[in-house]
Structure formats: C-alpha cells, structure tokens
$ cat structure_18.cif   # mmCIF, C-alpha atoms and all ligand atoms
data_work
loop_
_atom_site.label_atom_id
_atom_site.label_comp_id
_atom_site.auth_asym_id
_atom_site.auth_seq_id
_atom_site.Cartn_x
_atom_site.Cartn_y
_atom_site.Cartn_z
CA MET A 1 272.08 -14.27 170.46
CA ASN A 2 270.29 -16.59 168.06
CA LEU A 3 267.22 -18.66 168.97
CA GLU A 4 269.23 -21.81 169.54
CA ASP A 5 271.57 -20.14 172.05
CA ILE A 6 268.64 -18.56 173.84
CA ILE A 7 266.91 -21.95 174.11
CA GLN A 8 270.11 -23.60 175.41
CA ASP A 9 270.62 -20.88 178.01
CA ALA A 10 267.02 -20.86 179.18
CA TYR A 11 266.99 -24.67 179.31
CA GLN A 12 270.11 -24.84 181.49
CA LYS A 13 268.84 -22.14 183.80
CA VAL A 14 265.44 -23.77 184.34
CA LYS A 15 266.77 -27.33 184.47
CA ASN A 16 268.56 -26.54 187.71
CA LEU A 17 265.61 -24.87 189.42
CA ASP A 18 264.11 -26.54 192.44
CA ASP A 19 260.95 -28.02 190.86
CA GLN A 20 258.08 -27.40 193.23
CA GLY A 21 255.56 -29.20 191.08
CA LYS A 22 253.89 -32.61 191.37
CA VAL A 23 253.25 -35.21 188.68
CA ALA A 24 249.50 -35.67 187.98
CA SER A 25 248.49 -39.05 189.31
CA TYR A 26 244.68 -38.87 189.28
CA ILE A 27 245.05 -40.79 186.00
CA PRO A 28 247.14 -43.64 187.49
CA GLU A 29 249.24 -44.29 184.35
CA LEU A 30 250.37 -40.66 184.21
CA GLY A 31 251.95 -41.11 187.63
CA HIS A 32 254.44 -43.69 186.28
CA VAL A 33 256.41 -41.22 184.18
CA ASP A 34 259.98 -40.24 185.12
CA SER A 35 259.43 -36.83 186.68
CA GLY A 36 262.92 -35.65 185.74
CA ASN A 37 262.15 -35.51 182.02
CA PHE A 38 262.53 -32.05 180.51
CA GLY A 39 262.50 -31.36 176.79
CA VAL A 40 262.03 -28.37 174.48
CA HIS A 41 261.63 -28.11 170.71
CA ILE A 42 260.99 -25.18 168.38
CA SER A 43 259.81 -25.26 164.76
CA THR A 44 259.81 -21.98 162.87
CA ILE A 45 258.09 -20.80 159.71
CA ASP A 46 261.58 -20.35 158.20
CA GLN A 47 262.25 -24.03 158.77
CA ILE A 48 264.49 -23.85 161.82
CA ASN A 49 264.00 -27.01 163.88
CA PHE A 50 265.88 -27.20 167.12
CA GLY A 51 265.47 -29.09 170.39
CA VAL A 52 267.19 -29.88 173.68
CA GLY A 53 266.82 -32.39 176.51
CA ASN A 54 264.15 -35.09 176.20
CA CYS A 55 262.73 -33.51 173.06
CA TYR A 56 262.47 -36.83 171.19
CA ASP A 57 260.69 -38.79 173.96
CA LYS A 58 256.95 -39.30 173.54
CA PHE A 59 254.58 -38.24 176.31
CA SER A 60 250.84 -38.02 176.91
CA ILE A 61 249.67 -34.70 175.47
CA GLN A 62 246.27 -34.85 177.27
CA SER A 63 244.43 -31.51 176.96
CA VAL A 64 246.78 -30.19 174.29
CA ALA A 65 244.80 -32.52 172.00
CA LYS A 66 241.68 -30.39 172.61
CA VAL A 67 243.13 -27.84 170.17
CA LEU A 68 243.31 -30.54 167.49
CA SER A 69 239.75 -31.79 168.04
CA LEU A 70 238.52 -28.20 168.01
CA SER A 71 240.40 -27.62 164.74
CA LEU A 72 238.75 -30.59 163.06
CA ALA A 73 235.25 -29.79 164.36
CA TYR A 74 235.61 -26.11 163.34
CA ARG A 75 236.79 -27.19 159.91
CA ILE A 76 233.76 -29.45 159.49
CA VAL A 77 230.88 -27.43 160.94
CA GLY A 78 232.21 -23.84 160.73
CA ASP A 79 230.74 -21.09 162.88
CA LYS A 80 227.75 -23.20 163.91
CA ILE A 81 230.14 -24.68 166.45
CA TRP A 82 229.66 -21.58 168.64
CA GLU A 83 226.00 -22.47 169.14
CA ARG A 84 227.19 -25.43 171.23
CA VAL A 85 230.21 -24.03 173.10
CA GLY A 86 231.24 -20.53 174.25
CA VAL A 87 234.44 -18.51 173.89
CA GLU A 88 234.90 -17.05 177.37
CA PRO A 89 237.40 -17.94 180.09
CA SER A 90 235.64 -19.75 182.90
CA GLY A 91 237.46 -18.84 186.10
CA THR A 92 236.68 -22.35 187.35
CA ALA A 93 238.61 -25.63 187.35
CA PHE A 94 239.06 -27.50 184.05
CA ASN A 95 236.71 -30.29 185.16
CA SER A 96 234.18 -28.12 186.97
CA LEU A 97 230.45 -28.81 186.84
CA VAL A 98 229.26 -25.66 188.57
CA GLN A 99 228.74 -23.21 185.69
CA LEU A 100 227.01 -25.73 183.48
CA GLU A 101 223.75 -25.53 185.39
CA ALA A 102 223.45 -21.74 185.09
CA ASP A 103 224.69 -21.88 181.47
CA LYS A 104 222.15 -24.61 180.57
CA GLY A 105 224.67 -27.12 179.34
CA ILE A 106 226.65 -24.75 177.08
CA PRO A 107 230.28 -24.98 178.27
CA ARG A 108 232.12 -21.65 178.55
CA ASN A 109 234.90 -22.67 176.15
CA PRO A 110 236.18 -25.65 174.15
CA PHE A 111 239.26 -26.22 176.36
CA LEU A 112 237.36 -27.03 179.53
CA ASN A 113 236.65 -30.75 179.81
CA ALA A 114 232.95 -29.93 179.37
CA GLY A 115 233.70 -28.01 176.16
CA ALA A 116 236.00 -30.69 174.78
CA ILE A 117 233.33 -33.32 175.49
CA VAL A 118 230.80 -31.30 173.43
CA ILE A 119 233.40 -31.00 170.64
CA SER A 120 233.88 -34.79 170.83
CA ASP A 121 230.12 -35.20 170.42
CA ILE A 122 230.17 -32.95 167.32
CA LEU A 123 232.97 -35.06 165.83
CA LEU A 124 231.11 -38.28 166.61
CA SER A 125 228.09 -36.96 164.70
CA ASN A 126 230.18 -35.94 161.71
CA LEU A 127 232.84 -38.63 161.25
CA GLU A 128 232.25 -42.10 159.86
CA ASN A 129 234.98 -43.78 161.95
CA PRO A 130 235.64 -41.13 164.59
CA LYS A 131 238.72 -42.64 166.24
CA GLN A 132 240.51 -43.46 162.98
CA ASP A 133 239.34 -40.36 161.11
CA PHE A 134 240.55 -38.07 163.89
CA LEU A 135 243.92 -39.82 164.01
CA ASP A 136 244.23 -39.53 160.22
CA PHE A 137 243.46 -35.82 160.47
CA VAL A 138 246.18 -35.32 163.11
CA ARG A 139 248.71 -37.40 161.19
CA GLY A 140 247.90 -35.57 157.96
CA ILE A 141 248.61 -32.10 159.40
CA SER A 142 252.36 -32.63 159.62
CA ASN A 143 252.63 -35.78 157.49
CA ASN A 144 253.55 -37.85 160.54
CA THR A 145 252.08 -41.33 160.25
CA THR A 146 253.76 -42.52 163.46
CA LEU A 147 251.42 -40.56 165.75
CA GLU A 148 249.28 -42.88 167.92
CA TYR A 149 246.82 -43.05 170.79
CA SER A 150 247.94 -44.86 173.94
CA SER A 151 245.44 -47.54 174.93
CA ARG A 152 247.29 -47.85 178.24
CA ILE A 153 246.59 -44.20 179.14
CA ALA A 154 243.05 -44.23 177.73
CA GLU A 155 242.10 -47.35 179.72
CA SER A 156 243.65 -45.90 182.85
CA GLU A 157 241.58 -42.73 182.50
CA LYS A 158 238.41 -44.65 181.61
CA ALA A 159 238.70 -46.56 184.87
CA ILE A 160 238.61 -43.39 187.02
CA GLY A 161 236.87 -40.85 184.77
CA TYR A 162 233.83 -40.34 186.99
CA THR A 163 233.87 -36.54 186.81
CA ASN A 164 233.97 -36.62 183.02
CA VAL A 165 231.11 -39.17 183.05
CA ALA A 166 229.13 -36.77 185.26
CA LEU A 167 229.92 -33.80 182.98
CA CYS A 168 228.84 -35.66 179.86
CA ASN A 169 225.58 -36.91 181.38
CA PHE A 170 224.78 -33.48 182.82
CA ILE A 171 225.30 -31.79 179.44
CA LYS A 172 223.22 -34.52 177.80
CA SER A 173 220.36 -33.67 180.18
CA PHE A 174 220.33 -30.16 178.63
CA GLY A 175 220.29 -31.59 175.11
CA ASN A 176 223.81 -30.45 174.17
CA ILE A 177 225.11 -34.02 173.70
CA LYS A 178 223.47 -35.82 170.78
CA ASN A 179 225.18 -39.24 170.95
CA GLU A 180 225.34 -41.86 173.70
CA PRO A 181 227.47 -40.50 176.58
CA ALA A 182 229.49 -43.74 176.74
CA ASP A 183 230.50 -43.37 173.06
CA VAL A 184 231.33 -39.69 173.45
CA LEU A 185 233.50 -40.41 176.50
CA ASP A 186 235.31 -43.29 174.81
CA PHE A 187 236.29 -40.95 172.01
CA TYR A 188 237.22 -38.18 174.46
CA PHE A 189 239.51 -40.48 176.49
CA ASP A 190 241.17 -41.71 173.31
CA LEU A 191 241.88 -38.24 172.02
CA CYS A 192 243.40 -37.21 175.37
CA SER A 193 245.69 -40.27 175.18
CA LEU A 194 247.56 -39.10 172.05
CA GLU A 195 251.31 -39.36 172.54
CA MET A 196 254.08 -37.42 170.88
CA SER A 197 257.45 -35.83 171.50
CA CYS A 198 258.18 -32.11 171.77
CA LYS A 199 259.64 -32.30 168.27
CA GLU A 200 256.46 -33.84 166.86
CA LEU A 201 254.29 -31.43 168.81
CA SER A 202 256.03 -28.27 167.62
CA GLU A 203 256.02 -29.53 164.02
CA LEU A 204 252.33 -30.43 164.27
CA PHE A 205 251.22 -27.07 165.66
CA LEU A 206 253.12 -24.95 163.15
CA TYR A 207 249.89 -24.57 161.11
CA LEU A 208 248.55 -22.27 163.85
CA ALA A 209 251.62 -20.05 163.48
CA ASN A 210 251.08 -20.02 159.73
CA ASN A 211 247.47 -18.79 159.37
CA GLY A 212 246.06 -22.32 159.29
CA PHE A 213 248.32 -23.57 156.49
CA SER A 214 250.51 -26.63 157.03
CA ILE A 215 254.00 -26.27 155.59
CA GLN A 216 254.75 -30.00 155.89
CA SER A 217 251.69 -31.27 154.06
CA ASP A 218 251.29 -28.16 151.87
CA LYS A 219 247.58 -27.87 152.61
CA SER A 220 245.16 -25.61 154.38
CA ILE A 221 244.00 -27.04 157.72
CA LEU A 222 241.96 -24.00 158.77
CA SER A 223 241.05 -20.67 157.20
CA GLU A 224 243.03 -17.61 158.34
CA SER A 225 240.09 -16.43 160.41
CA GLN A 226 239.62 -19.83 162.07
CA SER A 227 243.33 -20.02 162.87
CA LYS A 228 243.26 -16.52 164.37
CA ARG A 229 240.27 -17.44 166.52
CA ILE A 230 241.81 -20.65 167.83
CA ASN A 231 244.95 -18.72 168.77
CA ALA A 232 242.73 -16.19 170.57
CA LEU A 233 241.05 -18.98 172.54
CA MET A 234 244.43 -20.46 173.46
CA GLN A 235 245.50 -17.02 174.67
CA THR A 236 242.45 -16.52 176.87
CA CYS A 237 241.60 -20.09 177.93
CA GLY A 238 244.62 -22.33 177.31
CA PHE A 239 246.07 -22.59 180.82
CA TYR A 240 243.23 -23.50 183.15
CA ASP A 241 242.95 -20.86 185.83
CA GLU A 242 246.36 -19.50 184.99
CA SER A 243 245.67 -18.16 181.50
CA GLY A 244 246.01 -14.56 182.65
CA GLU A 245 249.31 -15.35 184.34
CA PHE A 246 250.60 -17.08 181.20
CA ALA A 247 249.70 -14.04 179.06
CA PHE A 248 251.31 -11.80 181.68
CA LYS A 249 254.57 -13.72 181.97
CA VAL A 250 255.00 -15.50 178.62
CA GLY A 251 252.74 -13.55 176.27
CA LEU A 252 251.89 -16.20 173.67
CA PRO A 253 248.79 -18.21 172.78
CA GLY A 254 249.24 -21.76 174.02
CA LYS A 255 247.73 -24.86 175.56
CA SER A 256 248.89 -27.10 178.35
CA GLY A 257 247.97 -30.61 179.44
CA VAL A 258 248.16 -32.57 182.69
CA GLY A 259 250.89 -34.76 181.15
CA GLY A 260 253.18 -31.75 181.64
CA GLY A 261 253.29 -30.66 177.99
CA ILE A 262 252.81 -27.10 176.73
CA ILE A 263 252.56 -25.86 173.17
CA ALA A 264 252.93 -22.12 172.54
CA ILE A 265 252.48 -20.29 169.25
CA HIS A 266 253.98 -17.08 167.94
CA PRO A 267 251.76 -16.21 164.95
CA ASP A 268 253.85 -15.75 161.78
CA GLN A 269 257.00 -17.04 163.53
CA TYR A 270 257.08 -20.34 165.39
CA ALA A 271 255.55 -23.09 167.50
CA ILE A 272 257.46 -24.19 170.61
CA ALA A 273 256.78 -27.28 172.71
CA VAL A 274 257.99 -27.90 176.27
CA TRP A 275 257.56 -30.99 178.40
CA SER A 276 258.29 -31.46 182.09
CA PRO A 277 255.80 -33.65 184.00
CA LYS A 278 255.69 -31.93 187.39
CA LEU A 279 252.73 -29.52 187.53
CA ASN A 280 252.36 -26.34 189.57
CA ASP A 281 249.31 -25.87 191.80
CA LYS A 282 247.27 -24.57 188.85
CA GLY A 283 247.94 -27.76 186.86
CA ASN A 284 250.51 -26.37 184.40
CA SER A 285 254.05 -27.69 183.99
CA PHE A 286 256.20 -25.89 186.58
CA LYS A 287 259.37 -25.90 184.49
CA GLY A 288 257.45 -25.46 181.24
CA MET A 289 256.01 -22.16 182.43
CA LYS A 290 259.39 -20.97 183.75
CA PHE A 291 261.18 -21.96 180.55
CA LEU A 292 258.72 -20.14 178.29
CA GLU A 293 258.85 -17.00 180.42
CA GLU A 294 262.64 -16.99 180.18
CA PHE A 295 262.54 -17.78 176.46
CA THR A 296 260.11 -15.05 175.36
CA THR A 297 261.82 -12.50 177.60
CA LYS A 298 265.33 -13.23 176.28
CA SER A 299 264.25 -13.61 172.65
CA LYS A 300 261.92 -10.55 172.94
CA SER A 301 259.33 -12.60 171.11
CA SER A 302 256.15 -12.32 173.11
CA ILE A 303 253.22 -11.02 171.03
CA PHE A 304 252.84 -8.04 173.38
N1 LIG A 401 242.06 -36.31 180.05
C1 LIG A 401 242.22 -35.33 181.09
C2 LIG A 401 240.91 -35.16 181.84
O1 LIG A 401 239.88 -35.21 181.22
C3 LIG A 401 242.66 -34.04 180.45
C4 LIG A 401 243.03 -33.03 181.48
C5 LIG A 401 243.99 -31.99 181.01
O2 LIG A 401 245.03 -32.28 180.43
O3 LIG A 401 243.67 -30.82 181.29
O4 LIG A 401 240.90 -34.99 183.04
#
$ encode --input "structure_18.cif" --output "structure tokens"
Amino acid sequence: MNLEDIIQDAYQKVKNLDDQGKVASYIPELGHVDSGNFGVHISTIDQINFGVGNCYDKFSIQSVAKVLSLSLAYRIVGDKIWERVGVEPSGTAFNSLVQLEADKGIPRNPFLNAGAIVISDILLSNLENPKQDFLDFVRGISNNTTLEYSSRIAESEKAIGYTNVALCNFIKSFGNIKNEPADVLDFYFDLCSLEMSCKELSELFLYLANNGFSIQSDKSILSESQSKRINALMQTCGFYDESGEFAFKVGLPGKSGVGGGIIAIHPDQYAIAVWSPKLNDKGNSFKGMKFLEEFTTKSKSSIF
C-alpha cells in the first residue's frame, strides 16, 4: 500500500471510533470549536503532499507553537539557551508550578508552559518587534504569508491566564525572566494563538524532517545539530505526561497542543499533522493519537 492509501484507511478506521475525549474549554474560545472536526495532512521530503478530512481548516495550534519559538530562540542565542531551560521530561502537568521551586526557576524543558515562558522572555530580549518578527520568522519558514495570530483566542486566554501569570512571576523572582512579566505573557499568549490548517502545519514543520533546512524557502532554519536536538526534545517531552506512551505507540518525535493538533516528524522522511479537538485525559487529541498509532504501524514508519 502507498502512503495515501494507508492514510485513507487509518482515517476511516479512526473516524468511526467512539471519541472518549473532551474539548479543552479552560480557554473559553477553544470550547466553541466544532468537536467533530478531524483532519490529517502529510508533507514528505520527496514532495508528496496529501490530506484528508478537515485538513484545510485552520485551528488554534496552541503549544505546537512552542517548537517554533524554541527554534527561533535557539537560532539566535545558540547553546546558551540551555543555561535558562533544561532538557528533561518533567513528569508533572504542563502548567505545573511545583518543580520550579526546587529547580530555582529553571524550567525542566522548553515545552512546559514555564519553559515556553522563559523562551518568550529570551525572544523579547532579542527581537526588535517581537510579535511581528516572530510571525515573519514563522511565515518565512514555509513561505506562507497567510499565517496569522488569532486576537480572539489570545484575548480569551489573557482573560483567564492566572496560572501562567503565576508561573511567570515565580520564575521572575528567581531572576530567570529579564523583561516585565506582563510583556512576556502578552507575547506568550499571542504565540499560542497562531492558527493554521493541517496542510500548513505539515508544510511548516518539514524543516525538522530535513535537518533544519526548509525546502519551500530554500534556506537553513536551524543547523543539523539543532534540528536533531529539537526532535529529541519533542520525542521526550512533546506530549505532556504521555510522551512515553506516544513513543511507545507511535514512535515519532512530535508535539501536541490543547487545540487538538499534533505534529509528528519522521527525520529524513516526512512531517504529518493531525487535528481533532477532543482531548484524552492526558490532554492530547484522542483521535490524533489513535490515528498516528495506526499510521506508523501500517506504514512501518516509526523511528524504532
Ligand atoms: N496557551 C496554552 C496554555 O498556556 C497552551 C497549552 C497547550 O497547548 O499545552 O495553557
């Protein structure tokens, strides 16, 4: 079977499953999405682009954007970034405060909210117009000038983001936030509000399947070593408290977000994006996880 048939088959099989997940509604605007949406899109190094279902509908990528902010910060400051954030799985919730006290304000990894807030602070210190410059960076990766933030989602999160406010202030008290917490949080909420479709997401993330080099824009986004390391972090820390399970069942580096999106990377082969808004009890897309397990099993394309 070719990739397209495998995707069709896996999609049909998972589409009909009884979805036991729930749409995230702690950010009120996220709760308004149609929970029946389900889309998949693959982009390969050999230029196969194929999608099914709601693969052209835009959705809120939320924490998937943390990979993009990490990419830009790593590109700008290099290995000094690891003085401010760790590279270990946390074993705690994505928005947890508990380890920060013992770790003296150094978040365990850049995909926890705490870690992504520190990365936001690094970008604020290094970009002239952080919001626009970050958007330009993201657009430039895959030459897609239509990518946008959603002010509707960002405002909705700003209105209830008390835990993130607490995280940012707590880290600031240890000296690991250099800018004003309100400015850092504004930027963080904006970056989480990026919207795109599965098609746009798989095209955008192809650079991580291609050693840091973007095929669409014909330029290097990250060095080979940086790209390898970001894939390693996605493998170990990309799925909240379910990263081990994702490696076990799917076997690819990836990152999920509370909007129900997942991006997964097969180095040297492809990037695949899945979106289905209902989340399992670990906060990952219920159908997204099931689809990717079926897909890598049938296509024999896990990295293990
Ligand atoms: N903006 C969300 C938050 O900070 C991101 C959560 C996620 O997708 O993991 O809670």
$ residues_near_ligand --input "structure_18.cif" --ligand "ligand LIG 401 (chain A)" --cutoff "10 Å" --atoms "only C-alpha atoms and all ligand atoms" --output "mmCIF file with C-alpha atoms, in the coordinates of the input"
data_model
loop_
_atom_site.group_PDB
_atom_site.id
_atom_site.type_symbol
_atom_site.label_atom_id
_atom_site.label_comp_id
_atom_site.auth_asym_id
_atom_site.auth_seq_id
_atom_site.Cartn_x
_atom_site.Cartn_y
_atom_site.Cartn_z
ATOM 1 C CA ALA A 24 249.500 -35.670 187.980
ATOM 2 C CA TYR A 26 244.680 -38.870 189.280
ATOM 3 C CA ILE A 27 245.050 -40.790 186.000
ATOM 4 C CA SER A 60 250.840 -38.020 176.910
ATOM 5 C CA ILE A 61 249.670 -34.700 175.470
ATOM 6 C CA GLN A 62 246.270 -34.850 177.270
ATOM 7 C CA SER A 63 244.430 -31.510 176.960
ATOM 8 C CA VAL A 64 246.780 -30.190 174.290
ATOM 9 C CA ALA A 65 244.800 -32.520 172.000
ATOM 10 C CA LYS A 66 241.680 -30.390 172.610
ATOM 11 C CA ALA A 93 238.610 -25.630 187.350
ATOM 12 C CA PHE A 94 239.060 -27.500 184.050
ATOM 13 C CA ASN A 95 236.710 -30.290 185.160
ATOM 14 C CA PHE A 111 239.260 -26.220 176.360
ATOM 15 C CA LEU A 112 237.360 -27.030 179.530
ATOM 16 C CA ASN A 113 236.650 -30.750 179.810
ATOM 17 C CA ALA A 114 232.950 -29.930 179.370
ATOM 18 C CA ALA A 116 236.000 -30.690 174.780
ATOM 19 C CA ILE A 117 233.330 -33.320 175.490
ATOM 20 C CA ILE A 153 246.590 -44.200 179.140
ATOM 21 C CA ALA A 154 243.050 -44.230 177.730
ATOM 22 C CA GLU A 157 241.580 -42.730 182.500
ATOM 23 C CA LYS A 158 238.410 -44.650 181.610
ATOM 24 C CA ILE A 160 238.610 -43.390 187.020
ATOM 25 C CA GLY A 161 236.870 -40.850 184.770
ATOM 26 C CA TYR A 162 233.830 -40.340 186.990
ATOM 27 C CA THR A 163 233.870 -36.540 186.810
ATOM 28 C CA ASN A 164 233.970 -36.620 183.020
ATOM 29 C CA VAL A 165 231.110 -39.170 183.050
ATOM 30 C CA LEU A 185 233.500 -40.410 176.500
ATOM 31 C CA TYR A 188 237.220 -38.180 174.460
ATOM 32 C CA PHE A 189 239.510 -40.480 176.490
ATOM 33 C CA ASP A 190 241.170 -41.710 173.310
ATOM 34 C CA LEU A 191 241.880 -38.240 172.020
ATOM 35 C CA CYS A 192 243.400 -37.210 175.370
ATOM 36 C CA SER A 193 245.690 -40.270 175.180
ATOM 37 C CA GLY A 238 244.620 -22.330 177.310
ATOM 38 C CA PHE A 239 246.070 -22.590 180.820
ATOM 39 C CA TYR A 240 243.230 -23.500 183.150
ATOM 40 C CA LYS A 255 247.730 -24.860 175.560
ATOM 41 C CA SER A 256 248.890 -27.100 178.350
ATOM 42 C CA GLY A 257 247.970 -30.610 179.440
ATOM 43 C CA VAL A 258 248.160 -32.570 182.690
ATOM 44 C CA GLY A 259 250.890 -34.760 181.150
ATOM 45 C CA GLY A 260 253.180 -31.750 181.640
ATOM 46 C CA GLY A 261 253.290 -30.660 177.990
ATOM 47 C CA GLY A 283 247.940 -27.760 186.860
ATOM 48 C CA ASN A 284 250.510 -26.370 184.400
#
$ closest_residue --input "structure_18.cif" --among "A:Asp241, A:Gly105, A:Ser220, A:Glu155" --to "Phe174 in chain A" --atoms "only C-alpha atoms"
A:Gly105
$ closest_residue --input "structure_18.cif" --among "A:Leu17, A:Ile119, A:Ile7, A:Ala182" --to "Phe286 in chain A" --atoms "all atoms listed in the file"
A:Leu17
$ atom_distance --input "structure_18.cif" --atom1 "CA of Ser243 in chain A" --atom2 "CA of Lys300 in chain A"
19.9 Å
$ atom_distance --input "structure_18.cif" --atom1 "CA of Val184 in chain A" --atom2 "CA of Asn169 in chain A"
10.2 Å
$ closest_residue --input "structure_18.cif" --among "A:Lys22, A:Arg75, A:His32, A:Lys13" --to "Glu224 in chain A" --atoms "only C-alpha atoms"
A:Arg75
$ residues_around --input "structure_18.cif" --residues "Gln12 in chain A" --least-positions-apart "4" --cutoff "12 Å" --atoms "only C-alpha atoms" --output "JSON, numbers by chain"
{"A": [5, 6, 7, 8, 16, 17, 38, 39, 40, 52, 53, 287, 290, 291, 294, 295]}
$ closest_residue --input "structure_18.cif" --among "A:Pro110, A:Glu101, A:His266, A:Tyr149" --to "Asp136 in chain A" --atoms "all atoms listed in the file"
A:Tyr149
$ residues_around --input "structure_18.cif" --residues "Phe59 in chain A" --least-positions-apart "6" --cutoff "9 Å" --atoms "only C-alpha atoms" --output "PyMOL selection string"
chain A and resi 33+194-198+259-261+275
$ closest_residue --input "structure_18.cif" --among "A:Tyr74, A:Phe50, A:Tyr11, A:Tyr207" --to "Ser120 in chain A" --atoms "all atoms listed in the file"
A:Tyr74
$ residues_around --input "structure_18.cif" --residues "Ala264 in chain A" --least-positions-apart "4" --cutoff "10 Å" --atoms "all atoms listed in the file" --output "list in words"
Ile42, Ser202, Phe205, Leu206, Leu208, Ala209, Asn231, Met234, Gln235, Gly238, Val250, Gly251, Leu252, Pro253, Gly254, Lys255, Ser256, Tyr270, Ala271, Ile272, Ala273, Val274 and Leu292 of chain A
$ atom_distance --input "structure_18.cif" --atom1 "CA of Gly115 in chain A" --atom2 "CA of Val85 in chain A"
6.1 Å
$ axis_aligned_box --input "structure_18.cif" --around "range 75-86 of chain A" --padding-each-side "8 Å" --output "lines of an AutoDock Vina configuration file"
center_x = 231.4
center_y = -25.0
center_z = 166.9
size_x = 26.8
size_y = 24.9
size_z = 30.8
$ closest_residue --input "structure_18.cif" --among "A:Gly212, A:Ser302, A:Phe187, A:Ile177" --to "Ser71 in chain A" --atoms "all atoms listed in the file"
A:Gly212
